[in-house]
Structures are given as C-alpha cells and as structure tokens.
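Source file: final.pdb. Holds: PDB, C-alpha atoms and all ligand atoms.
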```pdb
ATOM      1  CA  MET S   1       0.000   0.000   0.000
ATOM      2  CA  LYS S   2       1.058   3.586  -0.484
ATOM      3  CA  PHE S   3       0.436   6.400   1.977
ATOM      4  CA  LEU S   4       0.876  10.151   2.070
ATOM      5  CA  VAL S   5       1.819  12.062   5.232
ATOM      6  CA  LEU S   6       0.734  15.671   4.860
ATOM      7  CA  ASN S   7       1.768  18.428   7.259
ATOM      8  CA  GLY S   8       0.352  21.930   7.164
ATOM      9  CA  VAL S   9       1.250  25.327   8.453
ATOM     10  CA  ASN S  10       4.163  25.691  10.924
ATOM     11  CA  LEU S  11       4.794  21.955  11.167
ATOM     12  CA  ASN S  12       8.149  22.573   9.448
ATOM     13  CA  LEU S  13       9.186  24.179  12.760
ATOM     14  CA  THR S  14       8.603  20.978  14.726
ATOM     15  CA  GLY S  15      11.581  20.417  17.021
ATOM     16  CA  LYS S  16      12.274  24.150  17.189
ATOM     17  CA  ARG S  17       8.973  25.712  18.304
ATOM     18  CA  GLU S  18       7.131  25.141  21.606
ATOM     19  CA  LYS S  19       9.258  22.106  22.465
ATOM     20  CA  GLY S  20       7.228  21.510  25.632
ATOM     21  CA  VAL S  21       4.167  20.924  23.438
ATOM     22  CA  TYR S  22       5.575  19.343  20.260
ATOM     23  CA  GLY S  23       8.872  17.828  21.436
ATOM     24  CA  SER S  24      12.412  18.482  20.268
ATOM     25  CA  GLU S  25      12.529  16.114  17.321
ATOM     26  CA  THR S  26      12.448  17.643  13.854
ATOM     27  CA  LEU S  27       9.785  16.820  11.284
ATOM     28  CA  GLU S  28      12.528  15.382   9.069
ATOM     29  CA  SER S  29      13.565  12.956  11.819
ATOM     30  CA  ILE S  30       9.946  11.988  12.571
ATOM     31  CA  ASN S  31       9.367  11.349   8.874
ATOM     32  CA  ARG S  32      12.427   9.054   8.649
ATOM     33  CA  GLU S  33      11.043   7.002  11.523
ATOM     34  CA  LEU S  34       7.649   6.757   9.806
ATOM     35  CA  GLU S  35       9.333   5.742   6.574
ATOM     36  CA  GLU S  36      11.272   2.971   8.344
ATOM     37  CA  ASP S  37       8.105   1.691   9.994
ATOM     38  CA  CYS S  38       6.239   1.673   6.664
ATOM     39  CA  GLU S  39       9.126  -0.123   4.938
ATOM     40  CA  LYS S  40       9.123  -2.791   7.658
ATOM     41  CA  GLN S  41       5.408  -3.323   7.024
ATOM     42  CA  GLY S  42       6.043  -3.506   3.278
ATOM     43  CA  HIS S  43       4.350  -0.183   2.498
ATOM     44  CA  LYS S  44       5.466   2.960   0.721
ATOM     45  CA  VAL S  45       5.065   6.472   2.075
ATOM     46  CA  ASP S  46       5.529   9.988   0.687
ATOM     47  CA  PHE S  47       5.828  13.186   2.697
ATOM     48  CA  PHE S  48       4.779  16.765   2.017
ATOM     49  CA  GLN S  49       4.694  19.897   4.171
ATOM     50  CA  SER S  50       3.492  23.340   3.241
ATOM     51  CA  ASN S  51       2.600  26.580   4.956
ATOM     52  CA  LEU S  52       0.246  27.338   2.067
ATOM     53  CA  GLU S  53      -3.362  26.198   2.335
ATOM     54  CA  GLY S  54      -3.792  25.906  -1.455
ATOM     55  CA  GLU S  55      -0.768  23.605  -1.765
ATOM     56  CA  ILE S  56      -2.262  21.281   0.830
ATOM     57  CA  CYS S  57      -5.550  21.272  -1.132
ATOM     58  CA  THR S  58      -3.707  20.475  -4.370
ATOM     59  CA  LYS S  59      -1.865  17.545  -2.746
ATOM     60  CA  ILE S  60      -5.150  16.187  -1.408
ATOM     61  CA  GLN S  61      -6.769  16.491  -4.857
ATOM     62  CA  GLU S  62      -3.803  14.762  -6.510
ATOM     63  CA  ALA S  63      -3.944  11.884  -4.016
ATOM     64  CA  GLU S  64      -7.025  10.432  -5.714
ATOM     65  CA  GLY S  65      -5.992   7.207  -7.437
ATOM     66  CA  ASN S  66      -2.405   7.535  -6.208
ATOM     67  CA  TYR S  67      -2.582   6.719  -2.487
ATOM     68  CA  ASP S  68      -4.409   4.268  -0.248
ATOM     69  CA  GLY S  69      -4.544   6.643   2.693
ATOM     70  CA  ILE S  70      -3.543  10.105   3.871
ATOM     71  CA  VAL S  71      -2.330  11.083   7.335
ATOM     72  CA  LEU S  72      -2.999  14.792   7.753
ATOM     73  CA  ASN S  73      -1.779  17.168  10.414
ATOM     74  CA  ALA S  74      -3.123  20.430   9.046
ATOM     75  CA  GLY S  75      -1.768  22.476  11.980
ATOM     76  CA  ALA S  76      -3.818  25.613  12.619
ATOM     77  CA  PHE S  77      -5.619  25.123   9.258
ATOM     78  CA  THR S  78      -7.495  22.386  11.134
ATOM     79  CA  HIS S  79      -9.536  24.940  12.972
ATOM     80  CA  TYR S  80     -10.801  27.045  10.069
ATOM     81  CA  SER S  81      -9.922  25.737   6.602
ATOM     82  CA  PHE S  82     -13.130  24.979   4.737
ATOM     83  CA  ALA S  83     -10.987  24.685   1.597
ATOM     84  CA  ILE S  84      -9.045  21.726   3.045
ATOM     85  CA  ARG S  85     -12.293  20.228   4.337
ATOM     86  CA  ASP S  86     -13.841  20.427   0.844
ATOM     87  CA  ALA S  87     -10.717  18.900  -0.726
ATOM     88  CA  ILE S  88     -10.935  15.927   1.680
ATOM     89  CA  ALA S  89     -14.655  15.531   0.928
ATOM     90  CA  ALA S  90     -13.906  15.582  -2.807
ATOM     91  CA  ILE S  91     -11.709  12.470  -2.796
ATOM     92  CA  SER S  92     -12.357   8.830  -1.951
ATOM     93  CA  VAL S  93      -8.941   8.267  -0.329
ATOM     94  CA  PRO S  94      -9.404   7.892   3.448
ATOM     95  CA  VAL S  95      -7.860  10.691   5.497
ATOM     96  CA  VAL S  96      -6.883  10.311   9.153
ATOM     97  CA  GLU S  97      -6.586  13.594  11.034
ATOM     98  CA  VAL S  98      -3.609  13.792  13.356
ATOM     99  CA  HIS S  99      -2.417  16.141  16.090
ATOM    100  CA  MET S 100       0.713  15.711  18.149
ATOM    101  CA  SER S 101      -0.730  17.601  21.107
ATOM    102  CA  ASN S 102      -3.972  16.934  22.973
ATOM    103  CA  VAL S 103      -5.878  19.841  21.442
ATOM    104  CA  TYR S 104      -8.698  19.388  23.985
ATOM    105  CA  ALA S 105      -6.328  20.213  26.847
ATOM    106  CA  ARG S 106      -5.258  23.504  25.263
ATOM    107  CA  GLU S 107      -6.858  26.776  24.195
ATOM    108  CA  GLU S 108     -10.591  26.803  23.456
ATOM    109  CA  PHE S 109     -10.131  27.557  19.726
ATOM    110  CA  ARG S 110      -8.195  24.287  19.246
ATOM    111  CA  ARG S 111     -11.188  22.208  20.335
ATOM    112  CA  LYS S 112     -12.950  22.875  17.054
ATOM    113  CA  SER S 113     -11.786  21.053  13.930
ATOM    114  CA  VAL S 114     -13.627  21.715  10.671
ATOM    115  CA  LEU S 115     -11.953  18.617   9.192
ATOM    116  CA  THR S 116     -12.959  15.764  11.503
ATOM    117  CA  GLU S 117     -16.440  15.263  10.008
ATOM    118  CA  VAL S 118     -14.992  14.442   6.585
ATOM    119  CA  CYS S 119     -12.082  12.358   7.912
ATOM    120  CA  LYS S 120     -12.114   8.624   8.550
ATOM    121  CA  GLY S 121     -10.915   9.199  12.090
ATOM    122  CA  GLU S 122      -8.720  11.272  14.333
ATOM    123  CA  ILE S 123      -5.650  10.475  16.448
ATOM    124  CA  LEU S 124      -4.239  13.070  18.799
ATOM    125  CA  GLY S 125      -2.171  13.659  21.887
ATOM    126  CA  PHE S 126       0.531  11.027  21.366
ATOM    127  CA  GLY S 127       3.287  13.291  20.047
ATOM    128  CA  LYS S 128       5.085  11.791  17.044
ATOM    129  CA  LYS S 129       3.380   8.471  17.783
ATOM    130  CA  SER S 130       0.103  10.047  16.608
ATOM    131  CA  TYR S 131       1.477   9.807  13.041
ATOM    132  CA  LEU S 132       2.653   6.237  13.547
ATOM    133  CA  LEU S 133      -0.694   5.110  14.954
ATOM    134  CA  ALA S 134      -2.555   6.846  12.119
ATOM    135  CA  LEU S 135      -0.441   5.094   9.478
ATOM    136  CA  ARG S 136      -0.890   1.730  11.177
ATOM    137  CA  SER S 137      -4.663   2.299  11.337
ATOM    138  CA  PHE S 138      -4.922   1.787   7.571
ATOM    139  CA  THR S 139      -3.721  -1.791   7.787
ATOM    140  CA  LEU S 140      -4.929  -3.047  11.183
TER     141      LEU S 140
HETATM  142  C1  LIG G 201      -1.368  20.711  16.007
HETATM  143  C2  LIG G 201      -2.402  21.408  16.892
HETATM  144  C3  LIG G 201      -2.887  22.691  16.250
HETATM  145  O1  LIG G 201      -3.837  23.338  17.083
HETATM  146  C4  LIG G 201      -1.726  23.644  16.042
HETATM  147  O2  LIG G 201      -2.165  24.809  15.390
HETATM  148  C5  LIG G 201      -0.577  23.031  15.354
HETATM  149  C6  LIG G 201      -0.225  21.639  15.653
HETATM  150  C7  LIG G 201      -0.771  19.463  16.693
HETATM  151  O3  LIG G 201      -0.098  18.689  16.010
HETATM  152  O4  LIG G 201      -0.922  19.292  17.908
HETATM  153  O5  LIG G 201       0.128  23.669  14.584
HETATM  154  O6  LIG G 201      -2.015  20.281  14.831
END
```
Starting from the file, give its structure as structure tokens.
Ligand code: DQA
Amino acid sequence: MKFLVLNGVNLNLTGKREKGVYGSETLESINRELEEDCEKQGHKVDFFQSNLEGEICTKIQEAEGNYDGIVLNAGAFTHYSFAIRDAIAAISVPVVEVHMSNVYAREEFRRKSVLTEVCKGEILGFGKKSYLLALRSFTL
C-alpha cells in the first residue's frame, strides 16, 4: 500500500517551536522514523509539508488514485480551513486527522476542527506516535 503524510502550516518548525508541546525532534527525523516503519510493514510512504493552504488542497486532490490513505496534520488550518475540508470531501482516499498535542487540553479555539467530520478518524495527543498510529490504522 502507499500512503501520504501531509503536514500543514508551521509543522516545518517541529523540534524548534514550543518544544514543551511538540517535542524536540524535527519533522525530518519523525518522517524518517515513519518511513522505516512503513518499509518494515512492506508499504510505501511519501511526505509533504506546506505553509500554504492551497498547496495542501492540491496535494489532497492529486492523491485520488495515487494513495491508499492520507495522514494529515493540518496544523492551525485544522480549525478554520473549509478549503481543506472540501478537498478531503472531494476524494475517496481515506484521510486520518492527526495532532501531536492533545488539542482538547489547550486553548478553546483548538477544540474545534472543521476537518474531523470528513475524515475517517482522528488520532491526537501522542506526540510523534500520533502519526505512527494513524499510518498503522490503515492496515490493522
Ligand atoms: C497541532 C495542533 C494545532 O492546534 C496547532 O495549530 C498546530 C499543531 C498538533 O499537532 O498538535 O500547529 O495540529
């Protein structure tokens, strides 16, 4: 199977920003670990990060027919991007929403995701393991 791990706005700063919340490991390092895990399971995985909402939408659109599942941490886009929500609704590829932090234990505005309703499921609060669990969910 082939998966896509998509990271949205500010996730490129993982390992450098708010280390108490997101940890000190870089996105690059997390991605290598995910890649190794996928390889061990006999699956392929691609990675993409962008701070631009439209680029995330384009990647989601292009996933149709090319991937068996998408793991999406949209960052702050999660809380207000109807464009990303519509892109997810437009494709048949299952999308699992991911957050490293427990968004329910943080500021009020983080409790609302406009994406969850159109996603297959949501995994949050497990740090980098949220991505790993989301990827594994496609094959369990
Ligand atoms: C996040 C949570 C979001 O609220 C925040 O804007 C992020 C990261 C997470 O992984 O915990 O950028 O998606």
Residues within 6 Å of ligand LIG 201 (chain G), counting all atoms listed in the file: report them as a PDB file with C-alpha atoms, in the coordinates of the input.
```pdb
ATOM      1  CA  ASN S  10       4.163  25.691  10.924  1.00  0.00           C
ATOM      2  CA  ASN S  73      -1.779  17.168  10.414  1.00  0.00           C
ATOM      3  CA  ALA S  74      -3.123  20.430   9.046  1.00  0.00           C
ATOM      4  CA  GLY S  75      -1.768  22.476  11.980  1.00  0.00           C
ATOM      5  CA  ALA S  76      -3.818  25.613  12.619  1.00  0.00           C
ATOM      6  CA  HIS S  99      -2.417  16.141  16.090  1.00  0.00           C
ATOM      7  CA  MET S 100       0.713  15.711  18.149  1.00  0.00           C
ATOM      8  CA  SER S 101      -0.730  17.601  21.107  1.00  0.00           C
ATOM      9  CA  VAL S 103      -5.878  19.841  21.442  1.00  0.00           C
ATOM     10  CA  ARG S 110      -8.195  24.287  19.246  1.00  0.00           C
TER      11      ARG S 110
END
```
Output the residue selection produced by the PyMOL selection byres (((chain S and resi 28) around 12) and not hetatm) on the file above, formatted as a PDB file with C-alpha atoms, in the coordinates of the input.
```
ATOM      1  CA  VAL S   5       1.819  12.062   5.232  1.00  0.00           C
ATOM      2  CA  ASN S   7       1.768  18.428   7.259  1.00  0.00           C
ATOM      3  CA  LEU S  11       4.794  21.955  11.167  1.00  0.00           C
ATOM      4  CA  ASN S  12       8.149  22.573   9.448  1.00  0.00           C
ATOM      5  CA  LEU S  13       9.186  24.179  12.760  1.00  0.00           C
ATOM      6  CA  THR S  14       8.603  20.978  14.726  1.00  0.00           C
ATOM      7  CA  GLY S  15      11.581  20.417  17.021  1.00  0.00           C
ATOM      8  CA  LYS S  16      12.274  24.150  17.189  1.00  0.00           C
ATOM      9  CA  SER S  24      12.412  18.482  20.268  1.00  0.00           C
ATOM     10  CA  GLU S  25      12.529  16.114  17.321  1.00  0.00           C
ATOM     11  CA  THR S  26      12.448  17.643  13.854  1.00  0.00           C
ATOM     12  CA  LEU S  27       9.785  16.820  11.284  1.00  0.00           C
ATOM     13  CA  SER S  29      13.565  12.956  11.819  1.00  0.00           C
ATOM     14  CA  ILE S  30       9.946  11.988  12.571  1.00  0.00           C
ATOM     15  CA  ASN S  31       9.367  11.349   8.874  1.00  0.00           C
ATOM     16  CA  ARG S  32      12.427   9.054   8.649  1.00  0.00           C
ATOM     17  CA  GLU S  33      11.043   7.002  11.523  1.00  0.00           C
ATOM     18  CA  LEU S  34       7.649   6.757   9.806  1.00  0.00           C
ATOM     19  CA  GLU S  35       9.333   5.742   6.574  1.00  0.00           C
ATOM     20  CA  PHE S  47       5.828  13.186   2.697  1.00  0.00           C
ATOM     21  CA  PHE S  48       4.779  16.765   2.017  1.00  0.00           C
ATOM     22  CA  GLN S  49       4.694  19.897   4.171  1.00  0.00           C
ATOM     23  CA  LYS S 128       5.085  11.791  17.044  1.00  0.00           C
TER      24      LYS S 128
END
```
Picked residues, the PyMOL selection byres (((chain S and resi 114) around 7) and not hetatm), expected as a PyMOL selection string = chain S and resi 78-82+85+112-113+115-116
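Note that the spacing between CA of Asp37 (chain S) and CA of Met1 (chain S) amounts to 13.0 Å.
One finds CA of Ala83 (chain S) at 27.0 Å from CA of Lys129 (chain S).
The residue that comes closest to Lys44 (chain S), out of S:Ser130, S:Gly65, S:Tyr22, S:Leu135 and on the basis of all atoms listed in the file, is S:Leu135.
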As a check of understanding: the span from CA of Asn66 (chain S) to CA of Ala87 (chain S) is 15.1 Å
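Using all atoms listed in the file, the smallest distance between any of S:Glu107, S:Glu117, S:Glu36, S:Asp46 and Val71 (chain S) comes from S:Asp46.
For the residues S:Cys38, S:Val95, S:Ala90, S:Val45, ranking by smallest atom-to-atom distance to Cys119 (chain S) using all atoms listed in the file places S:Val95 first.
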Box for region 133-136 of chain S: with edges along x, y and z, all listed atoms inside and 4 Å added on each side, what are the centre and edge lengths in Å to one decimal, as AutoDock Vina command-line options?
```
--center_x -1.5 --center_y 4.3 --center_z 12.2 --size_x 10.1 --size_y 13.1 --size_z 13.5
```
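Here the question is which of S:Val98, S:Ile91, S:Ala105, S:Ile60 gets nearest to Val21 (chain S) using only C-alpha atoms, and that residue is S:Ala105.
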Apply the PyMOL selection byres (((chain S and resi 96) around 8) and not hetatm) to the file shown and report the selected residues as a ChimeraX atom specification.
-> /S:69-72,94-95,97-98,119-123,134
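Distances to Gly20 (chain S) were evaluated for S:Tyr104, S:Val93, S:Gly127, S:Leu132 using all atoms listed in the file, and the minimum falls at S:Gly127.
Proximity ranking of S:Gly125, S:Ser92, S:Val118, S:Thr139 relative to Glu62 (chain S) places S:Ser92 first, based on only C-alpha atoms.
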How would region 110-129 of chain S look with N, CA, C and O atoms restored, written as a CSV table (one decimal), in the coordinates of the input?
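Contents of selection_14.csv, as written:
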```
chain,number,residue,atom,x,y,z
S,110,ARG,N,-8.7,25.5,19.8
S,110,ARG,CA,-8.2,24.3,19.2
S,110,ARG,C,-9.2,23.1,19.4
S,110,ARG,O,-9.0,22.0,18.8
S,111,ARG,N,-10.2,23.3,20.1
S,111,ARG,CA,-11.2,22.2,20.3
S,111,ARG,C,-12.1,22.0,19.1
S,111,ARG,O,-12.8,21.0,19.0
S,112,LYS,N,-12.1,23.0,18.2
S,112,LYS,CA,-13.0,22.9,17.1
S,112,LYS,C,-12.1,22.5,15.8
S,112,LYS,O,-11.1,23.2,15.5
S,113,SER,N,-12.4,21.4,15.2
S,113,SER,CA,-11.8,21.1,13.9
S,113,SER,C,-12.9,21.1,12.9
S,113,SER,O,-13.9,20.4,13.1
S,114,VAL,N,-12.6,21.7,11.8
S,114,VAL,CA,-13.6,21.7,10.7
S,114,VAL,C,-13.4,20.5,9.7
S,114,VAL,O,-14.1,20.3,8.7
S,115,LEU,N,-12.4,19.7,10.1
S,115,LEU,CA,-12.0,18.6,9.2
S,115,LEU,C,-12.5,17.3,9.6
S,115,LEU,O,-12.7,16.4,8.8
S,116,THR,N,-12.7,17.1,10.9
S,116,THR,CA,-13.0,15.8,11.5
S,116,THR,C,-14.2,15.1,10.8
S,116,THR,O,-14.1,13.9,10.6
S,117,GLU,N,-15.2,15.9,10.6
S,117,GLU,CA,-16.4,15.3,10.0
S,117,GLU,C,-16.2,14.6,8.7
S,117,GLU,O,-16.9,13.6,8.3
S,118,VAL,N,-15.2,15.0,7.9
S,118,VAL,CA,-15.0,14.4,6.6
S,118,VAL,C,-13.8,13.5,6.6
S,118,VAL,O,-13.4,13.0,5.6
S,119,CYS,N,-13.2,13.3,7.8
S,119,CYS,CA,-12.1,12.4,7.9
S,119,CYS,C,-12.6,11.0,8.4
S,119,CYS,O,-13.7,10.9,8.9
S,120,LYS,N,-11.7,10.0,8.1
S,120,LYS,CA,-12.1,8.6,8.6
S,120,LYS,C,-12.0,8.5,10.1
S,120,LYS,O,-12.9,7.9,10.7
S,121,GLY,N,-11.1,9.2,10.6
S,121,GLY,CA,-10.9,9.2,12.1
S,121,GLY,C,-9.9,10.2,12.5
S,121,GLY,O,-9.4,11.0,11.7
S,122,GLU,N,-9.6,10.2,13.8
S,122,GLU,CA,-8.7,11.3,14.3
S,122,GLU,C,-7.9,10.6,15.4
S,122,GLU,O,-8.4,9.9,16.3
S,123,ILE,N,-6.6,10.9,15.4
S,123,ILE,CA,-5.6,10.5,16.4
S,123,ILE,C,-4.9,11.7,17.0
S,123,ILE,O,-4.3,12.4,16.2
S,124,LEU,N,-4.9,11.9,18.3
S,124,LEU,CA,-4.2,13.1,18.8
S,124,LEU,C,-3.7,12.8,20.2
S,124,LEU,O,-4.1,11.9,20.9
S,125,GLY,N,-2.7,13.6,20.5
S,125,GLY,CA,-2.2,13.7,21.9
S,125,GLY,C,-1.0,12.7,22.2
S,125,GLY,O,-0.5,12.7,23.3
S,126,PHE,N,-0.5,12.0,21.1
S,126,PHE,CA,0.5,11.0,21.4
S,126,PHE,C,1.9,11.5,20.8
S,126,PHE,O,2.8,10.7,20.6
S,127,GLY,N,2.0,12.8,20.6
S,127,GLY,CA,3.3,13.3,20.0
S,127,GLY,C,3.5,12.7,18.7
S,127,GLY,O,2.6,12.5,17.9
S,128,LYS,N,4.8,12.3,18.4
S,128,LYS,CA,5.1,11.8,17.0
S,128,LYS,C,4.4,10.4,16.8
S,128,LYS,O,4.1,10.0,15.7
S,129,LYS,N,4.1,9.8,17.9
S,129,LYS,CA,3.4,8.5,17.8
S,129,LYS,C,2.0,8.6,17.2
S,129,LYS,O,1.4,7.7,16.7
```
